[in-house]
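Asker: Just so it is clear, I am handing over my_file-v3.csv, which has CSV, C-alpha atoms and all ligand atoms.
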```csv
chain,number,residue,atom,x,y,z
M,1,MET,CA,13.9,15.3,-1.6
M,2,LEU,CA,10.2,15.5,-2.3
M,3,ARG,CA,8.3,12.6,-0.8
M,4,VAL,CA,5.1,11.6,-2.7
M,5,GLY,CA,2.8,9.2,-0.8
M,6,LEU,CA,1.0,6.9,-3.1
M,7,THR,CA,-2.2,5.4,-1.9
M,8,GLY,CA,-5.6,4.0,-3.0
M,9,GLY,CA,-8.1,1.3,-2.2
M,10,ILE,CA,-7.3,-2.4,-2.7
M,11,GLY,CA,-7.1,-3.2,-6.4
M,12,CYS,CA,-7.1,0.4,-7.5
M,13,GLY,CA,-3.7,0.0,-9.1
M,14,LYS,CA,-1.1,1.2,-6.6
M,15,SER,CA,1.4,-1.5,-7.5
M,16,THR,CA,0.8,-1.1,-11.2
M,17,VAL,CA,1.4,2.7,-11.0
M,18,ALA,CA,4.4,2.2,-8.6
M,19,LYS,CA,6.0,0.0,-11.2
M,20,ILE,CA,5.7,2.7,-13.9
M,21,PHE,CA,7.4,5.3,-11.6
M,22,ALA,CA,10.2,2.7,-10.9
M,23,ASN,CA,10.7,2.3,-14.6
M,24,LEU,CA,11.3,6.0,-14.8
M,25,ASN,CA,14.2,5.3,-12.3
M,26,ILE,CA,12.3,6.9,-9.4
M,27,PRO,CA,12.9,5.1,-6.1
M,28,VAL,CA,9.7,3.4,-4.7
M,29,LEU,CA,9.3,2.4,-1.1
M,30,ASP,CA,6.5,0.0,-0.4
M,31,ALA,CA,4.9,-0.5,3.0
M,32,ASP,CA,3.4,-3.8,1.9
M,33,GLU,CA,6.9,-5.1,1.0
M,34,ILE,CA,8.2,-3.9,4.3
M,35,ALA,CA,5.4,-5.6,6.2
M,36,HIS,CA,6.1,-8.8,4.4
M,37,ARG,CA,9.8,-8.7,5.3
M,38,LEU,CA,9.0,-7.8,9.0
M,39,VAL,CA,7.3,-11.1,9.5
M,40,GLU,CA,9.9,-13.3,7.9
M,41,THR,CA,11.0,-16.3,10.0
M,42,GLY,CA,13.1,-15.3,13.0
M,43,ARG,CA,12.2,-11.6,12.9
M,44,PRO,CA,11.2,-10.0,16.3
M,45,ALA,CA,7.8,-9.0,14.9
M,46,LEU,CA,7.0,-12.6,14.2
M,47,ALA,CA,7.8,-13.5,17.8
M,48,GLN,CA,5.5,-10.8,19.0
M,49,ILE,CA,2.7,-12.1,16.7
M,50,ARG,CA,3.2,-15.6,18.0
M,51,GLN,CA,2.9,-14.3,21.6
M,52,GLU,CA,-0.3,-12.4,20.8
M,53,PHE,CA,-2.0,-15.0,18.5
M,54,GLY,CA,-0.7,-18.3,19.8
M,55,ALA,CA,1.6,-21.0,18.4
M,56,ASP,CA,-0.9,-22.1,15.8
M,57,ILE,CA,-0.3,-18.8,13.9
M,58,LEU,CA,3.0,-20.4,12.8
M,59,ASN,CA,3.6,-23.3,10.4
M,60,PRO,CA,5.5,-26.3,11.7
M,61,ASP,CA,8.7,-24.9,10.2
M,62,GLY,CA,8.3,-21.7,12.2
M,63,SER,CA,7.2,-19.5,9.3
M,64,LEU,CA,4.1,-17.4,9.5
M,65,ASN,CA,0.9,-19.1,8.5
M,66,ARG,CA,-0.4,-16.1,6.5
M,67,LYS,CA,-3.7,-17.7,5.6
M,68,ASN,CA,-4.5,-18.5,9.2
M,69,LEU,CA,-3.6,-14.9,10.3
M,70,ARG,CA,-5.7,-13.4,7.5
M,71,GLU,CA,-8.7,-15.5,8.6
M,72,ARG,CA,-8.2,-14.4,12.2
M,73,VAL,CA,-8.0,-10.7,11.5
M,74,PHE,CA,-10.8,-10.6,9.0
M,75,SER,CA,-13.2,-12.4,11.3
M,76,ASP,CA,-12.4,-10.3,14.4
M,77,PHE,CA,-11.8,-6.6,14.4
M,78,LYS,CA,-10.0,-6.7,17.8
M,79,GLN,CA,-7.4,-9.2,16.4
M,80,LYS,CA,-7.0,-6.9,13.3
M,81,GLN,CA,-6.2,-4.0,15.6
M,82,LYS,CA,-3.8,-6.1,17.6
M,83,LEU,CA,-1.9,-7.1,14.5
M,84,GLU,CA,-1.8,-3.5,13.3
M,85,SER,CA,-0.6,-2.2,16.6
M,86,ILE,CA,2.4,-4.5,16.3
M,87,LEU,CA,3.2,-3.8,12.6
M,88,HIS,CA,2.3,-0.2,11.9
M,89,PRO,CA,4.9,1.4,14.2
M,90,LEU,CA,7.6,-0.9,12.8
M,91,ILE,CA,6.6,-0.1,9.2
M,92,PHE,CA,6.7,3.6,10.0
M,93,LYS,CA,10.2,3.3,11.5
M,94,ALA,CA,11.4,1.2,8.6
M,95,LEU,CA,10.1,3.7,6.0
M,96,GLN,CA,11.6,6.6,7.9
M,97,ALA,CA,15.0,4.8,7.9
M,98,GLU,CA,14.8,3.9,4.2
M,99,LEU,CA,13.8,7.5,3.3
M,100,GLU,CA,16.9,8.9,5.1
M,101,GLN,CA,19.1,6.7,2.8
M,102,LEU,CA,17.6,7.9,-0.5
M,103,ILE,CA,19.2,10.3,-2.9
M,104,ALA,CA,16.8,11.3,-5.7
M,105,PRO,CA,14.9,14.4,-6.8
M,106,TYR,CA,11.7,12.7,-5.5
M,107,CYS,CA,10.5,9.3,-4.3
M,108,ILE,CA,7.3,7.4,-4.2
M,109,VAL,CA,6.2,6.0,-0.8
M,110,SER,CA,3.5,3.4,-1.4
M,111,VAL,CA,1.3,3.0,1.6
M,112,PRO,CA,-2.1,1.3,1.1
M,113,LEU,CA,-3.4,2.6,4.5
M,114,LEU,CA,-1.8,6.0,4.3
M,115,PHE,CA,-4.8,7.8,5.8
M,116,GLU,CA,-5.9,5.0,8.1
M,117,THR,CA,-2.5,4.8,9.8
M,118,GLY,CA,-1.7,8.5,10.0
M,119,MET,CA,1.4,7.9,8.0
M,120,THR,CA,0.6,11.1,6.0
M,121,HIS,CA,3.3,12.7,8.2
M,122,LEU,CA,5.9,10.9,6.3
M,123,VAL,CA,5.1,12.5,3.0
M,124,ASP,CA,5.0,16.0,1.4
M,125,ARG,CA,2.3,15.3,-1.1
M,126,ILE,CA,-0.4,12.7,-1.7
M,127,LEU,CA,-1.1,10.8,-4.9
M,128,VAL,CA,-4.3,8.8,-5.0
M,129,ILE,CA,-5.0,6.0,-7.5
M,130,ASP,CA,-8.7,6.0,-8.1
M,131,CYS,CA,-11.2,3.7,-9.8
M,132,PRO,CA,-14.9,2.9,-9.2
M,133,VAL,CA,-15.6,0.3,-6.5
M,134,GLU,CA,-17.1,-2.1,-9.1
M,135,ILE,CA,-13.8,-2.2,-11.0
M,136,GLN,CA,-11.9,-2.6,-7.7
M,137,ILE,CA,-13.9,-5.7,-7.0
M,138,GLU,CA,-13.5,-7.1,-10.5
M,139,ARG,CA,-9.7,-6.7,-10.4
M,140,VAL,CA,-9.2,-8.1,-7.0
M,141,LYS,CA,-11.5,-11.1,-7.8
M,142,THR,CA,-9.2,-11.9,-10.7
M,143,ARG,CA,-6.0,-11.2,-8.9
M,144,ASP,CA,-6.6,-12.8,-5.5
M,145,ASN,CA,-9.4,-15.2,-6.0
M,146,LEU,CA,-11.4,-13.9,-3.1
M,147,THR,CA,-15.1,-13.9,-2.7
M,148,VAL,CA,-17.0,-10.6,-3.5
M,149,GLU,CA,-18.1,-10.5,0.2
M,150,ARG,CA,-14.5,-10.7,1.4
M,151,ILE,CA,-13.4,-8.0,-1.0
M,152,GLN,CA,-16.3,-5.8,0.0
M,153,SER,CA,-15.4,-6.2,3.7
M,154,ILE,CA,-11.8,-5.1,2.9
M,155,ILE,CA,-13.1,-2.1,1.0
M,156,ASP,CA,-15.5,-1.3,3.9
M,157,SER,CA,-12.5,-1.3,6.3
M,158,GLN,CA,-10.7,1.3,4.2
M,159,VAL,CA,-11.5,5.0,3.9
M,160,SER,CA,-14.1,5.7,1.4
M,161,ARG,CA,-13.4,6.6,-2.2
M,162,ALA,CA,-14.8,10.1,-1.7
M,163,ASP,CA,-12.7,10.7,1.4
M,164,ARG,CA,-9.5,9.6,-0.4
M,165,LYS,CA,-10.3,11.8,-3.4
M,166,ALA,CA,-10.9,14.8,-1.1
M,167,LYS,CA,-7.5,14.4,0.6
M,168,ALA,CA,-5.5,13.9,-2.7
M,169,ASP,CA,-3.1,16.5,-4.0
M,170,ASP,CA,-2.9,14.5,-7.2
M,171,LEU,CA,-5.1,11.9,-8.7
M,172,ILE,CA,-4.6,9.1,-11.2
M,173,ASP,CA,-7.8,7.8,-12.8
M,174,ASN,CA,-7.2,4.1,-13.2
M,175,SER,CA,-10.7,3.1,-14.5
M,176,GLY,CA,-9.4,2.9,-18.0
M,177,ALA,CA,-6.8,1.0,-20.0
M,178,ASP,CA,-3.1,0.8,-19.3
M,179,TYR,CA,-1.8,3.3,-21.9
M,180,ARG,CA,-3.7,6.1,-20.3
M,181,LEU,CA,-1.9,5.2,-17.0
M,182,ALA,CA,1.6,5.7,-18.5
M,183,GLU,CA,0.5,9.0,-19.9
M,184,GLN,CA,-0.8,10.2,-16.5
M,185,VAL,CA,2.3,9.0,-14.7
M,186,LYS,CA,4.6,10.9,-17.1
M,187,LYS,CA,2.7,14.1,-16.5
M,188,LEU,CA,3.0,13.7,-12.7
M,189,HIS,CA,6.7,12.7,-13.1
M,190,ASN,CA,7.3,16.0,-14.8
M,191,LEU,CA,5.4,17.9,-12.1
M,192,TYR,CA,7.3,16.2,-9.3
M,193,LEU,CA,10.6,16.9,-11.0
M,194,SER,CA,9.8,20.6,-11.3
M,195,LEU,CA,8.5,20.8,-7.7
M,196,SER,CA,11.7,19.0,-6.4
M,197,ALA,CA,13.8,21.6,-8.2
M,198,PHE,CA,12.6,24.2,-5.6
M,199,ARG,CA,13.5,22.0,-2.6
M,200,ASP,CA,16.8,21.0,-1.0
B,1,LIG,N1,-5.5,0.0,-16.0
B,1,LIG,C1,-5.5,-1.4,-15.8
B,1,LIG,N2,-6.0,-2.1,-16.7
B,1,LIG,C2,-6.2,-3.5,-16.5
B,1,LIG,N3,-5.8,-4.1,-15.4
B,1,LIG,C3,-5.3,-3.4,-14.4
B,1,LIG,C4,-5.1,-2.0,-14.5
B,1,LIG,N4,-4.6,-1.5,-13.4
B,1,LIG,C5,-4.4,-2.6,-12.6
B,1,LIG,N5,-4.8,-3.7,-13.2
B,1,LIG,C6,-4.8,-5.1,-12.6
B,1,LIG,O1,-5.7,-5.1,-11.5
B,1,LIG,C7,-5.1,-5.7,-10.4
B,1,LIG,C8,-5.0,-4.8,-9.2
B,1,LIG,O2,-3.9,-3.8,-9.5
B,1,LIG,P1,-2.8,-3.6,-8.4
B,1,LIG,O3,-1.8,-2.6,-9.1
B,1,LIG,O4,-2.2,-4.9,-7.9
B,1,LIG,O5,-3.6,-2.9,-7.3
B,1,LIG,P2,-3.2,-2.5,-5.8
B,1,LIG,O6,-1.7,-2.6,-5.7
B,1,LIG,O7,-3.8,-1.1,-5.6
B,1,LIG,O8,-3.9,-3.5,-4.9
B,1,LIG,C9,-3.8,-6.3,-10.8
B,1,LIG,O9,-4.0,-7.7,-11.2
B,1,LIG,C10,-3.4,-5.4,-12.0
B,1,LIG,O10,-2.7,-6.1,-13.0
B,2,MG,MG,-0.4,-3.6,-4.4
```
What's the C-alpha cells form of this structure?
Ligand SMILES: Nc1ncnc2c1ncn2[C@@H]1O[C@H](COP(=O)(O)OP(=O)(O)O)[C@@H](O)[C@H]1O
Ligand SMILES: [Mg+2]
Answerer:
Amino acid sequence: MLRVGLTGGIGCGKSTVAKIFANLNIPVLDADEIAHRLVETGRPALAQIRQEFGADILNPDGSLNRKNLRERVFSDFKQKQKLESILHPLIFKALQAELEQLIAPYCIVSVPLLFETGMTHLVDRILVIDCPVEIQIERVKTRDNLTVERIQSIIDSQVSRADRKAKADDLIDNSGADYRLAEQVKKLHNLYLSLSAFRD
C-alpha cells in the first residue's frame, strides 16, 4: 500500500483536503485525532502529562485542561518540547499500528508536523497543502479566534513555506476557492492509484 503523507502549515487546508480524499473512499489517518485520543481521561499519556506539568493541568473531573496546557506550551519552549517528547513517540507508534491494519490501494497520513517530527519515515510520498502566509492567518483567525500574534508564533514554530515546498513530492495550491481543490485532489487520486498499481 502506498502511504501518502499529507502536511502543511496551520490553516493551509490539511483537514479540508483530507476530507475530500475520505469522500473518495480513501482511508485517512490523522495525527491530530490520535493526539486528541491519547490524552483522553484515564489514558497513560495523560498521567505522564500530569506528572510533568502538575495537577493543575487537569480539570476537577480529571480531564485535560487543554486551554491551560496550550498557554503553558506556547509561553515556554521547554514545556512545548516536554509535551512533544511525551506525545510524538506515542503518535508515531499509533500511526504505525493503524497503518498495518489498512487494506487499500493507498492511504493518506495527515501529520501537521511531518518534517518537524521526522515522521517522514512513515510515508512513501509527501503531499504539501500550500497557501500564502497571509491567507493562513486569515483562515485561522476565523476558525480558532486566536490573535494574529499567536497565529504568527505558531507559524514561526513550523518549518517555513519555502522549506515545505522544497520537500514536497506533490503540492496542492489552496490559495483559491474550493472547487479548484476538488479538481486538484482528483488528479492526485488518479496519480496515487496508478502508482499503487506498481506496488504490492
Ligand atoms: N479553499 C478554501 N476556501 C475557503 N476556505 C477554506 C479553504 N480551505 C480551507 N478553508 C477554511 O480555512 C480553515 C483552515 O482549513 P483547515 O482545513 O482546517 O486547515 P488545517 O487542517 O491545515 O489547519 C477552515 O476553517 C477551512 O474551512
Ligand atoms: Mg486540521
Asker: Could you give me, as CSV, a per-residue list for chain M showing, wherever an atom lies at most 8 Å from an atom of ligand MG 2 (chain B), the closest pair of atoms and their distance in Å to one decimal, using only C-alpha atoms and all ligand atoms and sorting by chain then residue number from low to high?
Answerer:
```
residue,atom,partner,partner_atom,distance
M:Ile10,CA,B:MG2,MG,7.2
M:Gly11,CA,B:MG2,MG,7.0
M:Gly13,CA,B:MG2,MG,6.8
M:Lys14,CA,B:MG2,MG,5.3
M:Ser15,CA,B:MG2,MG,4.2
M:Thr16,CA,B:MG2,MG,7.3
M:Asp32,CA,B:MG2,MG,7.4
M:Pro112,CA,B:MG2,MG,7.6
```
Asker: Using all atoms listed in the file, tabulate the residues of stretch 127-157 of chain M lying at most 12 Å from any atom of stretch 104-111 of chain M, each with its closest atom pair and that distance in Å to one decimal, by chain and increasing residue number, as JSON lines.
Answerer:
```
{"residue": "M:Leu127", "atom": "CA", "partner": "M:Ile108", "partner_atom": "CA", "distance": 9.1}
{"residue": "M:Val128", "atom": "CA", "partner": "M:Ser110", "partner_atom": "CA", "distance": 10.1}
{"residue": "M:Ile129", "atom": "CA", "partner": "M:Ser110", "partner_atom": "CA", "distance": 10.8}
```
Asker: Would you list the contacts of M:Leu46 as a VMD selection string, taking every protein, DNA or RNA residue within 10 Å and counting all atoms listed in the file, but skipping same-chain residues closer than 6 positions in sequence?
Answerer: chain M and resid 38 to 40 52 57 to 58 62 to 64 86 to 87
Asker: Once you count only C-alpha atoms and all ligand atoms, which residues end up within 8 Å of ligand LIG 1 (chain B), and could you hand them over as a PyMOL selection string?
Answerer: chain M and resi 7-18+112+129+136+139-140+142-143+174-181
Asker: Hey, which of M:Asp124, M:Phe92, M:Leu146, M:His36 ends up closest to M:Leu2? Count all atoms listed in the file.
Answerer: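 The shortest atom-to-atom distance to M:Leu2 comes from M:Asp124.
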Asker: Suppose you want the space between atom CA of M:Arg70 and atom CA of M:Leu83; what is it in Å?
Answerer: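 For atom CA of M:Arg70 relative to atom CA of M:Leu83, the distance reads 10.2 Å.
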Asker: Kindly indicate which residue among M:Arg125, M:Cys131, M:Arg37, M:Arg50 lies nearest to M:Leu195, using all atoms listed in the file for the distances.
Answerer: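 Going through M:Arg125, M:Cys131, M:Arg37, M:Arg50 one by one, the smallest distance to M:Leu195 is for M:Arg125.
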Asker: For the atom pair atom CA of M:Asn23 and atom CA of M:Asp173, what is the interatomic distance in Å to one decimal place?
Answerer: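 Going from atom CA of M:Asn23 over to atom CA of M:Asp173, I get 19.4 Å.
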Asker: Can you work out the spacing between atom CA of M:Gln79 and atom CA of M:Ile49 in Å, to one decimal?
Answerer: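 Computed distance, atom CA of M:Gln79 to atom CA of M:Ile49, equals 10.5 Å.
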Asker: Kindly indicate which residue among M:Phe74, M:Phe21, M:Ala166, M:Val4 lies nearest to M:Val185, using all atoms listed in the file for the distances.
Answerer: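 Once distances to M:Val185 are computed over all atoms listed in the file, the minimum belongs to M:Phe21.
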Asker: Which residue out of M:Asp169, M:Glu134, M:Glu71, M:Glu116 has the minimum interatomic distance to M:Ser157 when only C-alpha atoms are used?
Answerer: M:Glu116
Asker: M:Leu24, M:Ser75, M:Ile126, M:Pro60: which is nearest M:Ser153, counting all atoms listed in the file?
Answerer: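 Closest candidate: M:Ser75.
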Asker: Pick from M:Ile172, M:Leu29, M:Ala55, M:Ala162: nearest to M:Ala97, with all atoms listed in the file counted?
Answerer: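 Answer, going by the shortest atom-to-atom distance: M:Leu29.
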